[in-house]
Structure formats: C-alpha cells, structure tokens
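Enquirer: mmCIF, C-alpha atoms, saved as entry.cif, coming up:
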data_query
loop_
_atom_site.label_atom_id
_atom_site.label_comp_id
_atom_site.auth_asym_id
_atom_site.auth_seq_id
_atom_site.Cartn_x
_atom_site.Cartn_y
_atom_site.Cartn_z
CA MET A 1 125.62 53.84 177.63
CA THR A 2 126.33 54.00 173.98
CA PRO A 3 129.34 51.94 172.98
CA LEU A 4 132.15 53.52 171.07
CA GLY A 5 131.69 53.34 167.35
CA GLU A 6 127.87 53.33 167.62
CA PRO A 7 125.83 56.23 166.24
CA GLY A 8 125.63 59.00 168.75
CA ALA A 9 129.01 58.30 170.31
CA ALA A 10 130.71 61.07 168.36
CA THR A 11 130.69 64.52 169.82
CA ALA A 12 129.47 66.04 166.55
CA PRO A 13 126.68 64.55 164.44
CA ARG A 14 127.65 63.02 161.13
CA THR A 15 125.89 64.38 158.10
CA GLY A 16 127.29 61.92 155.57
CA ARG A 17 129.02 64.75 153.65
CA PRO A 18 132.80 65.09 153.44
CA ARG A 19 134.18 68.05 155.27
CA ARG A 20 135.25 70.90 153.03
CA ARG A 21 138.45 72.77 153.50
CA ARG A 22 138.18 76.42 154.12
CA ALA A 23 138.59 78.37 150.94
CA GLY A 24 141.86 80.14 150.57
CA THR A 25 143.74 78.35 153.32
CA GLY A 26 145.45 75.61 151.34
CA GLY A 27 146.62 77.56 148.29
CA ARG A 28 148.68 80.18 150.07
CA ARG A 29 150.58 77.78 152.28
CA GLY A 30 151.51 75.48 149.40
CA VAL A 31 152.95 77.98 146.89
CA PRO A 32 156.44 76.75 146.01
CA LEU A 33 159.03 79.50 145.83
CA PRO A 34 160.56 78.25 142.52
CA LEU A 35 157.14 78.80 140.90
CA LEU A 36 156.21 82.01 142.72
CA LEU A 37 159.26 84.02 141.67
CA PRO A 38 159.07 83.26 137.91
CA GLY A 39 155.34 83.90 138.02
CA VAL A 40 155.82 87.33 139.59
CA LEU A 41 158.61 88.12 137.12
CA ALA A 42 156.37 87.13 134.21
CA LEU A 43 153.61 89.38 135.50
CA ALA A 44 156.03 92.28 135.90
CA PHE A 45 157.45 91.64 132.42
CA LEU A 46 153.97 91.92 130.90
CA LEU A 47 152.71 94.88 132.93
CA LEU A 48 155.76 97.13 133.30
CA PRO A 49 155.87 98.26 129.62
CA LEU A 50 152.20 99.23 129.80
CA LEU A 51 152.81 101.02 133.09
CA ALA A 52 155.75 102.88 131.56
CA LEU A 53 153.49 103.96 128.70
CA LEU A 54 151.06 105.46 131.19
CA ILE A 55 153.83 107.13 133.24
CA ARG A 56 155.52 108.76 130.24
CA ALA A 57 152.30 109.79 128.51
CA PRO A 58 152.05 113.55 127.75
CA TRP A 59 148.77 114.02 129.58
CA ARG A 60 148.73 117.83 129.24
CA SER A 61 149.09 117.87 125.46
CA LEU A 62 147.08 114.69 124.96
CA PRO A 63 143.74 116.38 124.07
CA ASP A 64 145.36 118.56 121.41
CA GLN A 65 147.17 115.66 119.82
CA LEU A 66 144.13 113.40 119.75
CA THR A 67 141.87 115.97 118.09
CA SER A 68 143.90 116.10 114.89
CA THR A 69 142.31 114.92 111.66
CA GLU A 70 145.07 112.39 110.97
CA VAL A 71 144.50 110.61 114.27
CA TRP A 72 140.76 110.24 113.74
CA GLN A 73 141.24 109.09 110.16
CA ALA A 74 143.70 106.43 111.28
CA LEU A 75 141.46 105.34 114.17
CA GLN A 76 138.37 105.15 111.98
CA LEU A 77 140.22 103.19 109.32
CA SER A 78 141.58 100.81 111.96
CA LEU A 79 138.16 100.10 113.44
CA VAL A 80 136.45 99.69 110.07
CA SER A 81 139.16 97.52 108.53
CA ALA A 82 139.49 95.32 111.64
CA THR A 83 135.71 94.79 111.71
CA ALA A 84 135.63 94.00 107.99
CA ALA A 85 138.55 91.59 108.34
CA THR A 86 136.73 89.85 111.20
CA ALA A 87 133.59 89.54 109.07
CA VAL A 88 135.64 87.97 106.27
CA SER A 89 137.21 85.61 108.80
CA LEU A 90 133.78 84.58 110.06
CA VAL A 91 132.36 83.92 106.60
CA LEU A 92 135.37 81.88 105.47
CA GLY A 93 136.88 80.64 108.72
CA VAL A 94 133.84 79.01 110.35
CA PRO A 95 133.21 76.65 107.38
CA LEU A 96 136.93 75.84 107.27
CA ALA A 97 136.94 75.02 110.98
CA TRP A 98 133.90 72.76 110.49
CA LEU A 99 135.67 70.90 107.66
CA LEU A 100 138.75 70.36 109.82
CA ALA A 101 136.73 69.19 112.82
CA ARG A 102 133.91 67.15 111.27
CA THR A 103 135.17 65.65 108.00
CA GLU A 104 137.86 63.15 107.09
CA PHE A 105 139.95 63.76 103.99
CA PRO A 106 143.51 62.95 102.93
CA GLY A 107 146.07 65.40 104.22
CA ARG A 108 143.82 66.97 106.86
CA GLY A 109 146.73 67.32 109.28
CA PHE A 110 148.80 69.05 106.63
CA VAL A 111 145.94 71.43 105.83
CA ARG A 112 145.59 72.23 109.53
CA ALA A 113 149.31 73.03 109.69
CA LEU A 114 148.98 75.35 106.70
CA VAL A 115 146.03 77.12 108.34
CA THR A 116 148.05 77.82 111.46
CA LEU A 117 151.13 78.89 109.50
CA PRO A 118 150.26 82.64 109.55
CA LEU A 119 150.43 82.45 113.36
CA VAL A 120 154.19 81.87 113.24
CA LEU A 121 154.96 83.45 109.87
CA PRO A 122 156.58 86.89 110.15
CA PRO A 123 153.95 89.45 109.11
CA VAL A 124 156.31 91.07 106.61
CA VAL A 125 156.75 87.71 104.90
CA GLY A 126 152.98 87.40 104.82
CA GLY A 127 152.76 90.79 103.13
CA VAL A 128 155.32 89.77 100.51
CA ALA A 129 153.38 86.54 99.90
CA LEU A 130 150.17 88.55 99.43
CA LEU A 131 151.93 90.80 96.93
CA LEU A 132 153.16 87.81 94.95
CA ALA A 133 149.68 86.29 94.96
CA LEU A 134 147.35 89.29 94.69
CA GLY A 135 149.59 92.05 93.32
CA ARG A 136 149.05 93.49 89.85
CA ASN A 137 151.66 91.06 88.54
CA GLY A 138 150.83 88.32 91.03
CA VAL A 139 149.73 84.79 90.38
CA ILE A 140 146.04 85.68 90.84
CA GLY A 141 146.23 89.46 90.94
CA GLN A 142 147.16 89.77 87.27
CA TRP A 143 143.92 88.04 86.28
CA LEU A 144 141.90 90.15 88.71
CA ASP A 145 143.37 93.25 87.12
CA SER A 146 143.00 92.23 83.48
CA TRP A 147 139.56 90.58 83.73
CA PHE A 148 137.75 92.62 86.38
CA GLY A 149 139.92 95.72 86.85
CA ILE A 150 140.38 94.90 90.55
CA THR A 151 143.58 96.10 92.20
CA LEU A 152 144.07 95.15 95.84
CA PRO A 153 147.57 96.36 96.86
CA PHE A 154 147.85 99.87 98.32
CA THR A 155 144.09 100.24 98.77
CA THR A 156 141.74 100.14 101.74
CA THR A 157 140.53 96.75 100.55
CA GLY A 158 144.14 95.63 100.65
CA VAL A 159 144.26 96.58 104.33
CA VAL A 160 141.27 94.32 105.00
CA VAL A 161 142.85 91.47 103.02
CA ALA A 162 146.15 91.75 104.91
CA GLU A 163 144.44 91.87 108.29
CA ALA A 164 142.17 88.92 107.46
CA PHE A 165 145.19 86.87 106.36
CA VAL A 166 146.89 87.18 109.74
CA ALA A 167 143.72 87.15 111.90
CA MET A 168 141.70 84.29 110.43
CA PRO A 169 143.82 81.48 111.97
CA PHE A 170 142.86 82.68 115.47
CA LEU A 171 139.20 82.24 114.60
CA VAL A 172 139.69 78.87 112.90
CA ILE A 173 141.61 77.42 115.85
CA SER A 174 139.03 78.64 118.38
CA VAL A 175 136.04 77.37 116.41
CA GLU A 176 137.66 74.04 115.57
CA GLY A 177 138.43 73.42 119.24
CA THR A 178 134.84 74.23 120.17
CA LEU A 179 133.51 71.92 117.46
CA ARG A 180 135.68 69.05 118.67
CA ALA A 181 134.36 69.55 122.19
CA ALA A 182 130.71 69.68 121.04
CA ASP A 183 128.74 66.45 121.01
CA PRO A 184 128.14 65.35 117.37
CA ARG A 185 125.12 63.30 118.43
CA TYR A 186 122.94 66.39 118.26
CA GLU A 187 123.73 66.71 114.56
CA GLU A 188 123.05 63.01 114.07
CA ALA A 189 119.69 63.35 115.82
CA ALA A 190 118.77 66.25 113.55
CA ALA A 191 119.76 64.16 110.52
CA THR A 192 117.52 61.31 111.62
CA LEU A 193 114.62 63.78 111.75
CA GLY A 194 115.18 64.66 108.10
CA ALA A 195 117.40 67.73 108.37
CA SER A 196 120.15 68.15 105.83
CA ARG A 197 123.71 68.45 107.02
CA PHE A 198 123.78 72.18 106.38
CA THR A 199 120.45 72.65 108.17
CA ALA A 200 121.76 70.68 111.14
CA PHE A 201 124.83 72.89 111.21
CA ARG A 202 122.82 76.08 110.95
CA ARG A 203 120.03 75.17 113.40
CA VAL A 204 121.82 72.89 115.86
CA THR A 205 125.61 73.11 115.74
CA LEU A 206 126.02 76.84 115.25
CA PRO A 207 123.99 77.82 118.35
CA LEU A 208 125.98 75.30 120.40
CA ILE A 209 129.35 76.70 119.34
CA ALA A 210 128.29 80.36 119.41
CA PRO A 211 130.49 81.21 122.45
CA GLY A 212 133.54 79.68 120.72
CA VAL A 213 132.77 81.57 117.51
CA ALA A 214 132.41 84.83 119.44
CA ALA A 215 135.66 84.22 121.33
CA GLY A 216 137.48 83.51 118.07
CA ALA A 217 135.98 86.64 116.51
CA VAL A 218 137.22 88.74 119.43
CA LEU A 219 140.74 87.33 119.07
CA ALA A 220 140.66 87.87 115.30
CA TRP A 221 139.43 91.44 115.72
CA ALA A 222 142.14 92.27 118.24
CA ARG A 223 144.82 90.74 116.01
CA ALA A 224 143.54 92.66 112.99
CA LEU A 225 143.44 95.91 114.94
CA GLY A 226 147.13 95.61 115.84
CA GLU A 227 148.37 94.33 112.48
CA PHE A 228 151.41 96.18 111.12
CA GLY A 229 153.87 94.18 109.02
CA ALA A 230 151.59 92.63 106.41
CA THR A 231 149.59 95.85 106.14
CA ILE A 232 152.50 98.16 105.43
CA THR A 233 154.00 95.65 102.98
CA PHE A 234 150.84 94.87 101.03
CA ALA A 235 148.75 98.06 101.45
CA GLY A 236 151.36 100.75 102.09
CA ASN A 237 151.11 103.74 104.41
CA PHE A 238 148.89 106.37 102.82
CA PRO A 239 147.09 108.71 105.26
CA GLY A 240 143.32 108.49 104.97
CA ARG A 241 143.46 105.41 102.76
CA THR A 242 145.71 102.72 104.18
CA GLN A 243 147.29 104.27 107.28
CA THR A 244 145.93 102.43 110.30
CA MET A 245 146.73 103.26 113.91
CA PRO A 246 149.78 100.97 114.20
CA LEU A 247 151.23 102.55 111.06
CA ALA A 248 150.50 106.04 112.39
CA VAL A 249 152.29 105.15 115.63
CA TYR A 250 155.34 103.95 113.73
CA LEU A 251 155.41 107.10 111.58
CA ALA A 252 154.96 109.44 114.55
CA LEU A 253 157.68 107.66 116.54
CA GLN A 254 160.29 108.85 114.04
CA ASP A 255 159.40 112.55 114.25
CA ASP A 256 157.26 113.14 117.35
CA PRO A 257 157.63 110.58 120.17
CA GLU A 258 154.96 112.27 122.28
CA ALA A 259 152.43 111.88 119.47
CA ALA A 260 153.41 108.23 119.14
CA ILE A 261 152.75 107.71 122.86
CA SER A 262 149.37 109.42 122.56
CA LEU A 263 148.37 107.25 119.61
CA SER A 264 149.53 104.17 121.50
CA LEU A 265 147.32 105.12 124.43
CA VAL A 266 144.30 105.36 122.14
CA LEU A 267 145.01 101.97 120.61
CA LEU A 268 145.56 100.47 124.06
CA ALA A 269 142.33 101.94 125.41
CA VAL A 270 140.26 100.70 122.48
CA SER A 271 141.73 97.19 122.70
CA ILE A 272 141.22 96.91 126.47
CA THR A 273 137.68 98.27 126.31
CA VAL A 274 136.53 95.87 123.60
CA LEU A 275 138.28 92.81 124.98
CA ALA A 276 137.16 93.44 128.56
CA GLY A 277 133.57 94.05 127.55
CA LEU A 278 133.32 90.95 125.38
CA ARG A 279 135.31 88.69 127.67
CA ASP A 280 132.76 88.94 130.49
CA ARG A 281 129.99 87.87 128.11
CA TRP A 282 131.60 85.28 125.86
CA MET A 283 134.99 84.18 127.14
CA THR A 284 134.27 83.54 130.82
CA PRO A 285 132.97 80.06 131.59
CA SER A 286 129.58 80.08 133.29
#
Show this structure as structure tokens.
Expert:
Amino acid sequence: MTPLGEPGAATAPRTGRPRRRRAGTGGRRGVPLPLLLPGVLALAFLLLPLLALLIRAPWRSLPDQLTSTEVWQALQLSLVSATAATAVSLVLGVPLAWLLARTEFPGRGFVRALVTLPLVLPPVVGGVALLLALGRNGVIGQWLDSWFGITLPFTTTGVVVAEAFVAMPFLVISVEGTLRAADPRYEEAAATLGASRFTAFRRVTLPLIAPGVAAGAVLAWARALGEFGATITFAGNFPGRTQTMPLAVYLALQDDPEAAISLSLVLLAVSITVLAGLRDRWMTPS
C-alpha cells in the first residue's frame, strides 16, 4: 500500500502547475454594487446623447441635406485642416516630447506644464491668445505681415494653426510617455557603435516608439477635427475658406436644427470610422 502523502496516493495526478480558475466565474460574483451602479450610470451618460442623436436624425431628408455644396466644402476643409494640423504636430511635437523625456534642463517641469496648458485652457481663450500673438497687430504677426506679407487670421492656414495649437499637447503627452517607457540602453548601444544622437533617434528610438507616435497622432487628429472655439475666434467662419464642420453645425443649429443633426451625424461617422480603424492597429496592446 502506498502511504498517505506519498506520490500516487492522490486521486488525481499532480502536474506541478497551479490550478487555474475558470475564466469568467470570479469577476461576476465579486462585482460590488457601489461600483456597478456608478459604472452603469457613467456608460449611460456617455452613450445616451449619441443614441438620442441617432433617434432624432431626419433619415428621410438626410441624403438631400448631405449633398449640398456647403456640407461637402465644410467636410473637405475639416479633413484637410485636421490632417495638416496633425502633420504640424508631428513635426514639432515629437522633438519636443523627446526633449522633455530624454534631456535635463532647468525648468523642465515648468515647460511640461506649459505644454499641457492648452488641454485645460478654454479654446476661446486660446483663440484670443493666437490673435494677440499672430494677428496683424500681434506680437509676432505684425512682423510677419510687414516683412513677409503673411497674414494668418481668418484664413485657411489660420484654421490649421488654431487646430494644431489645441491638438499638439495630445501628441506630446502620448509620445513623451512612450519615450519614458522605452529602454534608453538601445540608444546608448547605438552611440557606442558610432551613431550620432540624431541617428540613434531616427534609426533606433523612432521605430520603437512608433505605436505611441501613431496613437498620439490619432488623438491629435480627432481633437483637431472637432475644434471649434479657437478656430472661430482666430480664423472666423467663412464658408469655403474657414468654415469647418463644427462651425457649420453651430451655424445650422440656429436656423435649421435638422441640418445641424445631419452634419453632426457626418462628423460622428467620420470620427468613429477613423478612430475604430486605427485603434485596432495601433492602440490595442498586442
């Protein structure tokens, strides 16, 4: 007979591996009610307005309203300006994120706070600040006008500038976080092999942080696409030149609520399509 405690005494063979709990059995039983109710309320708070937009949408007249020239001009301007603002954010924001993450200089924390300031600054205040800085009588704008003949306010370029101002912090924060999580030893190894610091960034660091850069670009593009306050303050609301989709929605809401709902549906569909398509590729951990 095999004594108790000896191998073979157990009714089931031991494999040396800890037993795994069945998936999905522990989470449901342990959901505390004080957390479940606020969570459901938060979900309803976020989804009900979108559901109401779909319920009240004028589906019968939607094709006629969306085929107008003004709608397509506003949509085209929104897509082009948001893409251009994202490109500006990439060119300027990625180097800024690298400086904040990889270099030490006096006042770095203060600079980081200034970079994130547009996230909490009211967009209208941002538009006023852009006017005071880049307007024809602004601190820098007066020299741009007198020396180069460049006028930014109330132009399509002004739309891109306003959108980049409010969207770039999203990119900088995302890229800086990715850089801090990346191992700097790869850059050091490249430096020991004779690569310059810029070459190490371009050939080693940038491919490593590419998912973070793409995620930040998606967030910046979405923020630029929905920008309203800084755009209308700095660039105005001129159809075909500075009137983006959010501005067209605001203008239509005053005279034709059904047209405003239709325009909102277009903007919602474009945002969901782009974000959903890019999220599966770049923003979902593998």
Enquirer: May I ask for the distance between atom CA of Glu70 of chain A and atom CA of Phe154 of chain A, given in Å to one decimal place?
Expert: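 Value for the atom CA of Glu70 of chain A-atom CA of Phe154 of chain A distance: 18.0 Å.
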Enquirer: I'd like the neighbourhood of Leu92 of chain A as an NGL selection string, where a residue qualifies if any of its atoms comes within 12 Å (using all atoms listed in the file), though same-chain residues fewer than 3 positions away should be ignored.
Expert: :A and (85-89 or 95-99 or 164-165 or 167-169 or 171-172 or 175)
Enquirer: Going by the chain IDs and residue numbers used in this file, which residues fall under the PyMOL selection byres ((chain A and resi 212) around 9)? Write them as a list in words.
Expert: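 That expression, the PyMOL selection byres ((chain A and resi 212) around 9), corresponds here to Leu171, Ser174, Val175, Glu176, Gly177, Thr178, Leu179, Leu208, Ile209, Ala210, Pro211, Val213, Ala214, Ala215, Gly216, Ala217, Trp282 and Met283 of chain A.
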Enquirer: Which is closest to Ser68 of chain A among A:Leu263, A:Leu134, A:Leu50, A:Leu152, if we use only C-alpha atoms?
Expert: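 For Ser68 of chain A, the nearest of the given residues is A:Leu263.
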Enquirer: How many Å lie between atom CA of Ala42 of chain A and atom CA of Arg56 of chain A, rounded to one decimal?
Expert: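 It comes out at 22.0 Å.
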Enquirer: Once you add 5 Å to each side, what are the centre and edge lengths of the axis-aligned box holding all listed atoms of segment 143-153 of chain A? One decimal in Å, as AutoDock Vina command-line options, if you can.
Expert:
--center_x 142.7 --center_y 92.2 --center_z 90.2 --size_x 19.8 --size_y 18.3 --size_z 23.4
Enquirer: At a cut-off of 7 Å, using all atoms listed in the file, what residues contact segment 235-242 of chain A? Leave out same-chain residues fewer than 4 positions from it and give the result as a PyMOL selection string.
Expert: chain A and resi 73-74+153-156+158-159+231+247
Enquirer: Go through A:Ala269, A:Ala113, A:Val94, A:Ala230 one by one, measure the shortest atom-to-atom distance of each to Ala129 of chain A using all atoms listed in the file, and give the residue with the smallest value.
Expert: A:Ala230
Enquirer: Take the PyMOL selection byres ((chain A and resi 183) around 12), run it mentally on this structure, and tell me the resulting residues as a PyMOL selection string.
Expert: chain A and resi 101-102+178-182+184-189+204-205+208-209
Enquirer: Would you kindly return, as an MDAnalysis selection string, each protein, DNA or RNA residue with an atom no farther than 12 Å from any atom of Asp64 of chain A, considering all atoms listed in the file and excluding same-chain residues fewer than 5 positions away?
Expert: chainID A and resid 58:59 69 71 258:259 262:263
Enquirer: I need the output of the PyMOL selection byres ((chain A and resi 122-128) around 10) for this file as a list in words; which residues are they?
Expert: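 Evaluating the PyMOL selection byres ((chain A and resi 122-128) around 10) on these coordinates yields Leu117, Pro118, Leu119, Val120, Leu121, Ala129, Leu130, Leu131, Leu132, Ala133, Leu134, Gly135, Pro153, Val161, Ala162, Glu163, Phe165, Val166, Glu227, Phe228, Gly229, Ala230, Thr231, Ile232, Thr233, Phe234 and Ala235 of chain A.
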Enquirer: Point out the residue among A:Ala222, A:Ala252, A:Val40, A:Met245 with the least atom-to-atom distance to Thr83 of chain A, counting all atoms listed in the file.
Expert: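 The answer is A:Ala222, which sits nearest to Thr83 of chain A.
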Enquirer: Hey, which of A:Val274, A:Phe170, A:Leu54, A:Phe201 ends up closest to Thr116 of chain A? Count only C-alpha atoms.
Expert: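 Among the listed residues, the smallest separation from Thr116 of chain A belongs to A:Phe170.
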Enquirer: Work out how far apart atom CA of Arg60 of chain A and atom CA of Thr244 of chain A are and give it in Å to one decimal.
Expert: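 Interatomic distance here is 24.6 Å.
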